[in-house]
>>> print(open('query_38.txt').read())   # compact mmCIF, C-alpha atoms and all ligand atoms
# COMPACT_ATOMS: atom_id res chain seq x y z
CA MET A 98 0.00 0.00 0.00
CA LEU A 99 1.29 3.48 -0.87
CA GLY A 100 2.14 5.96 1.90
CA THR A 101 0.60 9.45 1.91
CA LYS A 102 3.72 10.97 0.31
CA GLU A 103 3.81 8.38 -2.51
CA GLN A 104 0.07 8.75 -3.12
CA GLY A 105 0.57 12.53 -3.43
CA ALA A 106 3.47 12.04 -5.87
CA LYS A 107 1.51 9.52 -7.91
CA SER A 108 -1.50 11.79 -8.32
CA LYS A 109 0.69 14.82 -9.04
CA TYR A 110 3.10 13.36 -11.60
CA GLY A 111 1.67 10.00 -12.57
CA PRO A 112 -0.98 9.08 -15.13
CA GLY A 113 -3.95 11.43 -15.29
CA ASN A 114 -4.59 15.02 -16.21
CA HIS A 115 -2.85 17.83 -14.34
CA ASN A 116 -1.19 21.19 -14.88
CA VAL A 117 2.51 21.93 -15.30
CA THR A 118 4.45 25.15 -15.66
CA MET A 119 6.44 25.38 -18.88
CA ARG A 120 9.50 27.63 -18.49
CA ILE A 121 10.63 28.44 -22.01
CA TYR A 122 13.86 30.20 -22.93
CA ARG A 123 13.38 33.35 -25.03
CA SER A 124 16.42 34.80 -26.75
CA SER A 125 16.83 38.51 -26.67
CA LYS A 126 16.98 40.46 -29.92
CA GLU A 127 20.06 42.36 -28.72
CA GLY A 128 22.01 39.10 -28.46
CA ASN A 129 22.26 39.41 -24.67
CA LYS A 130 21.43 36.51 -22.41
CA GLY A 131 17.78 35.67 -22.81
CA ASN A 132 15.17 35.09 -20.16
CA PHE A 133 12.44 32.53 -19.42
CA ASP A 134 8.73 32.94 -20.02
CA SER A 135 6.42 30.78 -17.91
CA PHE A 136 3.08 29.29 -18.94
CA ASP A 137 0.73 27.06 -16.94
CA ILE A 138 -0.80 24.43 -19.17
CA PRO A 139 -2.84 21.23 -18.76
CA ILE A 140 -1.20 17.95 -19.71
CA GLN A 141 -2.36 14.38 -20.05
CA ARG A 142 -0.41 11.22 -19.42
CA TRP A 143 0.66 10.90 -23.06
CA THR A 144 1.68 14.56 -23.48
CA THR A 145 5.24 14.91 -24.74
CA VAL A 146 7.33 18.02 -24.16
CA LEU A 147 6.90 18.82 -27.85
CA ASP A 148 3.10 18.54 -27.48
CA ALA A 149 3.30 20.87 -24.47
CA LEU A 150 5.39 23.40 -26.41
CA LEU A 151 2.98 23.28 -29.34
CA TYR A 152 0.08 23.81 -26.93
CA VAL A 153 1.83 26.94 -25.61
CA LYS A 154 2.41 28.09 -29.20
CA ALA A 155 -1.22 27.47 -30.18
CA TYR A 156 -2.96 28.97 -27.13
CA LYS A 157 -0.53 31.22 -25.24
CA ASP A 158 2.25 32.71 -27.38
CA SER A 159 2.62 31.92 -31.06
CA SER A 160 5.97 33.72 -31.35
CA ILE A 161 8.05 31.00 -29.63
CA GLY A 162 10.73 29.58 -31.95
CA ILE A 163 10.84 25.74 -32.03
CA ARG A 164 12.21 23.35 -34.65
CA TYR A 165 10.57 19.95 -35.18
CA SER A 166 9.36 17.74 -37.96
CA CYS A 167 8.71 13.99 -37.56
CA ARG A 168 7.40 13.90 -33.92
CA MET A 169 8.73 10.33 -33.66
CA ALA A 170 12.44 10.55 -32.77
CA SER A 171 13.54 10.08 -36.37
CA CYS A 172 14.46 13.45 -37.88
CA GLY A 173 16.62 14.69 -34.99
CA SER A 174 15.39 18.29 -35.19
CA CYS A 175 13.69 18.85 -31.80
CA GLY A 176 16.76 18.54 -29.54
CA MET A 177 16.85 20.93 -26.60
CA LYS A 178 17.82 21.01 -22.94
CA ILE A 179 14.83 19.83 -20.93
CA ASN A 180 15.16 20.23 -17.18
CA GLY A 181 18.89 20.69 -17.70
CA LYS A 182 19.55 17.60 -19.85
CA PRO A 183 19.82 17.33 -23.66
CA ARG A 184 16.76 15.40 -24.89
CA LEU A 185 14.44 15.13 -27.86
CA ALA A 186 11.24 17.04 -27.05
CA CYS A 187 9.10 14.61 -29.06
CA TYR A 188 10.61 11.58 -27.29
CA THR A 189 10.28 12.92 -23.74
CA ASN A 190 7.04 12.40 -21.93
CA VAL A 191 6.20 15.20 -19.48
CA SER A 192 5.15 12.64 -16.82
CA GLU A 193 8.52 10.87 -16.94
CA LEU A 194 10.23 14.09 -15.77
CA GLU A 195 8.35 13.87 -12.46
CA SER A 196 8.27 17.62 -12.00
CA SER A 197 5.56 20.23 -11.98
CA GLU A 198 7.94 22.64 -13.71
CA ILE A 199 9.46 21.86 -17.12
CA SER A 200 12.26 24.08 -18.35
CA CYS A 201 13.16 24.14 -22.05
CA GLU A 202 16.39 25.75 -23.21
CA PRO A 203 18.44 25.64 -26.41
CA MET A 204 21.15 22.98 -26.47
CA SER A 205 24.58 23.93 -25.11
CA ASN A 206 27.56 24.03 -27.51
CA PHE A 207 25.36 25.34 -30.35
CA PRO A 208 24.85 29.03 -31.26
CA VAL A 209 21.25 30.11 -30.67
CA LEU A 210 19.32 31.30 -33.71
CA ARG A 211 16.11 32.10 -31.86
CA ASP A 212 14.54 30.84 -28.62
CA LEU A 213 14.92 27.03 -28.76
CA VAL A 214 16.30 26.90 -32.31
CA THR A 215 20.04 26.35 -32.62
CA ASP A 216 22.47 26.62 -35.53
CA PHE A 217 23.76 23.23 -36.75
CA SER A 218 26.29 24.61 -39.31
CA GLN A 219 29.43 23.82 -37.34
CA PHE A 220 28.11 20.46 -36.14
CA LEU A 221 27.31 19.38 -39.73
CA SER A 222 30.60 20.75 -41.01
CA HIS A 223 32.45 18.44 -38.56
CA HIS A 224 30.28 15.56 -39.81
CA ARG A 225 31.10 16.31 -43.50
CA LYS A 226 34.85 16.42 -42.78
CA MET A 227 34.71 12.72 -41.81
CA LYS A 228 33.71 11.75 -45.38
CA PRO A 229 30.59 9.97 -44.07
CA TYR A 230 29.97 7.74 -47.08
CA LEU A 231 31.45 4.59 -48.61
CA ILE A 232 34.66 5.28 -50.50
CA ASN A 233 35.00 2.48 -53.03
CA PRO A 234 35.17 2.85 -56.83
CA GLU A 235 33.98 -0.77 -57.16
CA VAL A 236 30.58 0.13 -55.72
CA ASP A 237 29.84 3.11 -57.91
CA LEU A 238 26.50 2.12 -59.41
CA CYS A 239 26.71 4.84 -62.08
CA ASP A 240 29.96 3.45 -63.48
CA ASN A 241 29.01 -0.16 -62.95
CA PRO A 242 25.42 -0.78 -64.16
CA GLU A 243 25.76 -4.54 -63.62
CA LEU A 244 26.16 -4.03 -59.91
CA SER A 245 22.80 -3.84 -58.14
CA GLU A 246 23.79 -4.82 -54.61
CA PHE A 247 27.01 -4.85 -52.62
CA LEU A 248 26.35 -7.52 -50.05
CA GLN A 249 27.79 -7.74 -46.60
CA ASN A 250 27.45 -10.59 -44.13
CA PRO A 251 25.66 -10.00 -40.80
CA THR A 252 28.85 -10.49 -38.74
CA ASP A 253 30.60 -7.67 -40.61
CA ALA A 254 27.51 -5.46 -40.42
CA ASP A 255 27.38 -5.97 -36.63
CA LYS A 256 30.74 -4.21 -36.30
CA PHE A 257 29.20 -0.83 -37.04
CA LEU A 258 25.41 -1.31 -37.10
CA GLN A 259 24.59 0.64 -33.91
CA PHE A 260 26.48 3.68 -35.25
CA SER A 261 24.32 3.77 -38.37
CA TYR A 262 21.26 4.48 -36.17
CA CYS A 263 22.52 8.04 -35.58
CA ILE A 264 19.90 10.67 -36.53
CA LYS A 265 22.28 13.66 -36.15
CA CYS A 266 20.20 15.22 -33.41
CA GLY A 267 23.26 16.77 -31.76
CA LEU A 268 22.39 15.73 -28.19
CA CYS A 269 25.77 14.04 -27.74
CA TYR A 270 27.56 17.13 -29.11
CA SER A 271 25.63 19.30 -26.67
CA ALA A 272 26.57 17.06 -23.71
CA CYS A 273 30.29 16.84 -24.59
CA PRO A 274 32.61 18.71 -22.16
CA THR A 275 35.45 18.73 -24.73
CA VAL A 276 33.30 20.43 -27.40
CA ALA A 277 32.45 23.05 -24.75
CA THR A 278 36.12 24.02 -24.49
CA ASP A 279 37.37 23.36 -28.05
CA THR A 280 35.13 24.17 -31.02
CA LYS A 281 37.66 22.55 -33.40
CA PHE A 282 37.13 19.19 -31.73
CA PRO A 283 34.83 17.27 -34.13
CA GLY A 284 32.70 15.93 -31.30
CA PRO A 285 31.26 12.50 -30.55
CA GLN A 286 28.77 12.33 -33.42
CA ALA A 287 31.32 13.03 -36.19
CA LEU A 288 34.00 10.77 -34.71
CA ALA A 289 31.53 7.91 -34.20
CA GLN A 290 30.58 8.25 -37.88
CA ALA A 291 34.27 8.18 -38.86
CA TYR A 292 34.45 4.85 -37.04
CA ARG A 293 31.19 3.65 -38.61
CA TYR A 294 32.52 4.07 -42.17
CA SER A 295 36.07 2.90 -41.38
CA ALA A 296 34.68 -0.30 -39.85
CA ASP A 297 32.53 -1.05 -42.91
CA THR A 298 34.16 -3.86 -44.91
CA ARG A 299 32.73 -2.39 -48.13
CA ASP A 300 34.74 0.78 -47.64
CA ALA A 301 38.11 0.95 -49.40
CA GLY A 302 39.21 4.43 -48.31
CA SER A 303 41.11 5.43 -45.23
CA ARG A 304 40.05 8.25 -42.95
CA TYR A 305 42.82 7.66 -40.42
CA GLY A 306 45.08 10.33 -41.92
CA LEU A 307 42.42 13.06 -41.87
CA THR A 308 43.57 16.11 -39.93
CA ALA A 309 40.08 16.45 -38.49
CA ILE A 310 40.59 13.06 -36.80
CA ASP A 311 44.28 12.65 -36.03
CA SER A 312 45.52 16.04 -34.82
CA ARG A 313 45.80 18.02 -31.59
CA HIS A 314 42.14 19.05 -31.91
CA GLY A 315 41.10 15.57 -33.06
CA LEU A 316 40.00 12.40 -31.32
CA TRP A 317 42.89 12.35 -28.81
CA ARG A 318 41.17 15.22 -26.99
CA CYS A 319 38.35 12.89 -25.96
CA HIS A 320 38.91 12.03 -22.31
CA PHE A 321 36.09 9.50 -22.23
CA SER A 322 33.67 11.31 -19.95
CA GLY A 323 30.93 9.23 -21.56
CA SER A 324 28.27 11.95 -21.33
CA CYS A 325 27.62 11.61 -25.08
CA SER A 326 26.54 8.00 -24.78
CA LYS A 327 24.31 8.70 -21.78
CA VAL A 328 22.11 11.18 -23.68
CA CYS A 329 21.82 9.45 -27.07
CA PRO A 330 18.13 8.72 -27.77
CA LYS A 331 18.92 6.05 -30.38
CA GLY A 332 21.11 3.74 -28.31
CA VAL A 333 24.31 4.74 -30.12
CA ASP A 334 27.45 4.65 -27.98
CA PRO A 335 29.65 7.38 -29.51
CA ALA A 336 32.19 7.13 -26.67
CA LEU A 337 32.76 3.48 -27.64
CA GLY A 338 33.11 4.45 -31.33
CA ILE A 339 35.82 6.98 -30.43
CA GLN A 340 37.78 4.41 -28.40
CA LEU A 341 37.54 1.86 -31.22
CA LEU A 342 38.69 4.50 -33.70
CA LYS A 343 41.67 5.30 -31.46
CA GLY A 344 42.60 1.59 -31.49
CA ASN A 345 42.33 1.40 -35.30
CA ILE A 346 44.50 4.50 -35.73
CA MET A 347 47.17 3.05 -33.45
CA SER A 348 47.30 -0.20 -35.45
CA PHE A 349 47.28 1.77 -38.72
CA ALA A 350 50.25 3.87 -37.53
CA LYS A 351 52.12 0.73 -36.42
CA ARG A 352 51.51 -0.93 -39.81
CA ARG A 353 52.71 2.16 -41.67
CA LYS A 354 55.86 2.27 -39.55
CA LYS A 355 56.56 -1.40 -40.21
CA ILE A 356 56.08 -1.00 -43.97
CA ALA A 357 58.40 2.03 -43.97
CA GLU A 358 61.05 0.05 -42.08
CA LEU A 359 60.75 -2.89 -44.48
CA LYS A 360 61.07 -0.60 -47.50
CA GLN A 361 64.12 1.06 -45.99
CA HIS A 362 65.59 -2.35 -45.33
CA THR A 363 65.11 -3.43 -48.93
CA GLY A 364 66.51 -0.10 -50.19
CA LYS A 365 63.19 1.33 -51.52
CA SER A 366 61.79 4.75 -50.62
CA ALA A 367 59.24 4.79 -47.77
CA ASP A 368 56.21 6.10 -49.71
S1 LIG B 1 25.09 9.70 -31.72
FE1 LIG B 1 23.03 9.73 -30.77
S2 LIG B 1 22.99 11.69 -29.66
FE2 LIG B 1 24.67 11.83 -31.12
S3 LIG B 1 23.79 12.81 -32.93
FE3 LIG B 1 23.67 10.58 -33.24
S4 LIG B 1 21.63 10.00 -32.49
FE4 LIG B 1 22.05 12.06 -31.68
S1 LIG B 2 10.47 15.97 -34.18
FE1 LIG B 2 11.81 14.61 -35.24
S2 LIG B 2 13.12 13.88 -33.68
FE2 LIG B 2 11.67 15.08 -32.61
>>> encode(input="query_38.txt", output="structure tokens")
Amino acid sequence: MLGTKEQGAKSKYGPGNHNVTMRIYRSSKEGNKGNFDSFDIPIQRWTTVLDALLYVKAYKDSSIGIRYSCRMASCGSCGMKINGKPRLACYTNVSELESSEISCEPMSNFPVLRDLVTDFSQFLSHHRKMKPYLINPEVDLCDNPELSEFLQNPTDADKFLQFSYCIKCGLCYSACPTVATDTKFPGPQALAQAYRYSADTRDAGSRYGLTAIDSRHGLWRCHFSGSCSKVCPKGVDPALGIQLLKGNIMSFAKRRKKIAELKQHTGKSAD
């Protein structure tokens, strides 16, 4: 049987209709630090934070800036800090937060465009620098019309499968303490994708020599805090991807050194 305190908590935050206060960050036009606007709204047990924000937009203040699209944790566009933690608004149920006050702020480590909308330019530029696609002339369907499929066995696919679930929502980037202090650091999402394509047996290119990866601002700056993996809504473990990438780069460097030594030994030039 529930005690009085538990009964109170259950009726307040558990299933059923009740009111919550939405505290929503509003950016200032002058570029100064913004402030929060508060709105009391009714919620039901299935109300997500995105539903709550859209309710506020529809009935209280239509000028609030929010970005969203799919409403089903697939497009990655509704990331924001909810009660201090990076989350997807459409994938966070208000009841699960167990609070009568829900604060929504733009994600850290991203410039704010307006209110809850952040600028993804730098984040996506880091992603592009990793060459996030298969590099293999043999699989170019345009040049090879006879090729319809490039098969891979399940064991090989397992080596990178979880990393291909990334929806580029930026939550891991927002949670990363290294990104907070070094904007040149590619961040967990980009580095995990570098691992994803390097680990693909269909890929014939090498990303290990990319300056974006192997340099003083590259993956060696990751000190494995693991906050990226804790916030990922898709079950990706970017911290693991970075450690695996570190291992691959070490073996790649060792191999290169050995080849250079062998070539020197046989009197040929190193490269
Ligand atoms: S790794 Fe996870 S948290 Fe990071 S961008 Fe991809 S889906 Fe989002
Ligand atoms: S609206 Fe697409 S992930 Fe939330």
>>> residues_around(input="query_38.txt", residues="Glu235 in chain A", least_positions_apart="4", cutoff="12 Å", atoms="all atoms listed in the file", output="VMD selection string")
chain A and resid 231 239 to 247 299 to 302
>>> closest_residue(input="query_38.txt", among="A:Leu150, A:Ile346, A:Leu337, A:Ala272", to="Ser312 in chain A", atoms="only C-alpha atoms")
A:Ile346
>>> residues_near_ligand(input="query_38.txt", ligand="ligand LIG 1 (chain B)", cutoff="6 Å", atoms="all atoms listed in the file", output="PyMOL selection string")
chain A and resi 263-269+286+329-331+333+335
>>> atom_distance(input="query_38.txt", atom1="CA of Gly162 in chain A", atom2="CA of Val276 in chain A")
24.8 Å
>>> closest_atom_pairs(input="query_38.txt", of="chain A", to="ligand LIG 2 (chain B)", cutoff="12 Å", atoms="all atoms listed in the file", output="JSON lines")
{"residue": "A:Thr145", "atom": "CA", "partner": "B:LIG2", "partner_atom": "FE2", "distance": 10.2}
{"residue": "A:Val146", "atom": "CA", "partner": "B:LIG2", "partner_atom": "FE2", "distance": 9.9}
{"residue": "A:Leu147", "atom": "CA", "partner": "B:LIG2", "partner_atom": "FE2", "distance": 7.7}
{"residue": "A:Asp148", "atom": "CA", "partner": "B:LIG2", "partner_atom": "S1", "distance": 10.3}
{"residue": "A:Leu150", "atom": "CA", "partner": "B:LIG2", "partner_atom": "S1", "distance": 11.9}
{"residue": "A:Leu151", "atom": "CA", "partner": "B:LIG2", "partner_atom": "S1", "distance": 11.5}
{"residue": "A:Ile163", "atom": "CA", "partner": "B:LIG2", "partner_atom": "S1", "distance": 10.0}
{"residue": "A:Arg164", "atom": "CA", "partner": "B:LIG2", "partner_atom": "S1", "distance": 7.6}
{"residue": "A:Tyr165", "atom": "CA", "partner": "B:LIG2", "partner_atom": "S1", "distance": 4.1}
{"residue": "A:Ser166", "atom": "CA", "partner": "B:LIG2", "partner_atom": "S1", "distance": 4.3}
{"residue": "A:Cys167", "atom": "CA", "partner": "B:LIG2", "partner_atom": "FE1", "distance": 3.9}
{"residue": "A:Arg168", "atom": "CA", "partner": "B:LIG2", "partner_atom": "S1", "distance": 3.7}
{"residue": "A:Met169", "atom": "CA", "partner": "B:LIG2", "partner_atom": "FE1", "distance": 5.5}
{"residue": "A:Ala170", "atom": "CA", "partner": "B:LIG2", "partner_atom": "S2", "distance": 3.5}
{"residue": "A:Ser171", "atom": "CA", "partner": "B:LIG2", "partner_atom": "S2", "distance": 4.7}
{"residue": "A:Cys172", "atom": "CA", "partner": "B:LIG2", "partner_atom": "FE1", "distance": 3.9}
{"residue": "A:Gly173", "atom": "CA", "partner": "B:LIG2", "partner_atom": "S2", "distance": 3.8}
{"residue": "A:Ser174", "atom": "CA", "partner": "B:LIG2", "partner_atom": "FE1", "distance": 5.1}
{"residue": "A:Cys175", "atom": "CA", "partner": "B:LIG2", "partner_atom": "FE2", "distance": 4.4}
{"residue": "A:Gly176", "atom": "CA", "partner": "B:LIG2", "partner_atom": "FE2", "distance": 6.9}
{"residue": "A:Met177", "atom": "CA", "partner": "B:LIG2", "partner_atom": "FE2", "distance": 9.9}
{"residue": "A:Arg184", "atom": "CA", "partner": "B:LIG2", "partner_atom": "FE2", "distance": 9.3}
{"residue": "A:Leu185", "atom": "CA", "partner": "B:LIG2", "partner_atom": "FE2", "distance": 5.5}
{"residue": "A:Ala186", "atom": "CA", "partner": "B:LIG2", "partner_atom": "FE2", "distance": 5.9}
{"residue": "A:Cys187", "atom": "CA", "partner": "B:LIG2", "partner_atom": "FE2", "distance": 4.4}
{"residue": "A:Tyr188", "atom": "CA", "partner": "B:LIG2", "partner_atom": "FE2", "distance": 6.5}
{"residue": "A:Thr189", "atom": "CA", "partner": "B:LIG2", "partner_atom": "FE2", "distance": 9.2}
{"residue": "A:Asn190", "atom": "CA", "partner": "B:LIG2", "partner_atom": "FE2", "distance": 11.9}
{"residue": "A:Cys263", "atom": "CA", "partner": "B:LIG2", "partner_atom": "S2", "distance": 11.2}
{"residue": "A:Ile264", "atom": "CA", "partner": "B:LIG2", "partner_atom": "S2", "distance": 8.0}
{"residue": "A:Lys265", "atom": "CA", "partner": "B:LIG2", "partner_atom": "S2", "distance": 9.5}
{"residue": "A:Cys266", "atom": "CA", "partner": "B:LIG2", "partner_atom": "S2", "distance": 7.2}
{"residue": "A:Gly267", "atom": "CA", "partner": "B:LIG2", "partner_atom": "S2", "distance": 10.7}
{"residue": "A:Leu268", "atom": "CA", "partner": "B:LIG2", "partner_atom": "S2", "distance": 10.9}
{"residue": "A:Cys329", "atom": "CA", "partner": "B:LIG2", "partner_atom": "S2", "distance": 11.8}
{"residue": "A:Pro330", "atom": "CA", "partner": "B:LIG2", "partner_atom": "S2", "distance": 9.3}
{"residue": "A:Lys331", "atom": "CA", "partner": "B:LIG2", "partner_atom": "S2", "distance": 10.3}
>>> closest_residue(input="query_38.txt", among="A:Phe217, A:Phe133, A:Tyr294, A:Tyr262", to="Asp334 in chain A", atoms="all atoms listed in the file")
A:Tyr262
>>> closest_residue(input="query_38.txt", among="A:Ala336, A:Leu341, A:Met204, A:Ala350", to="Phe321 in chain A", atoms="all atoms listed in the file")
A:Ala336
>>> residues_around(input="query_38.txt", residues="Asn180 in chain A", least_positions_apart="4", cutoff="7 Å", atoms="all atoms listed in the file", output="list of chain:residue names")
A:Ile199, A:Ser200, A:Cys201
>>> residues_around(input="query_38.txt", residues="Gln340 in chain A", least_positions_apart="2", cutoff="12 Å", atoms="only C-alpha atoms", output="PyMOL selection string")
chain A and resi 285+288-289+291-292+316-323+334-338+342-347
>>> atom_distance(input="query_38.txt", atom1="CA of Lys228 in chain A", atom2="CA of Thr308 in chain A")
12.1 Å
>>> atom_distance(input="query_38.txt", atom1="CA of Tyr152 in chain A", atom2="CA of Arg120 in chain A")
13.2 Å
>>> closest_residue(input="query_38.txt", among="A:Thr280, A:Ser135, A:Gln141, A:Thr275", to="Lys157 in chain A", atoms="all atoms listed in the file")
A:Ser135
>>> residues_around(input="query_38.txt", residues="Ser218 in chain A", least_positions_apart="5", cutoff="10 Å", atoms="only C-alpha atoms", output="VMD selection string")
chain A and resid 207 to 208 223 to 224
>>> closest_residue(input="query_38.txt", among="A:Ser124, A:Ser160, A:Asn114, A:Gln259", to="Arg142 in chain A", atoms="only C-alpha atoms")
A:Asn114
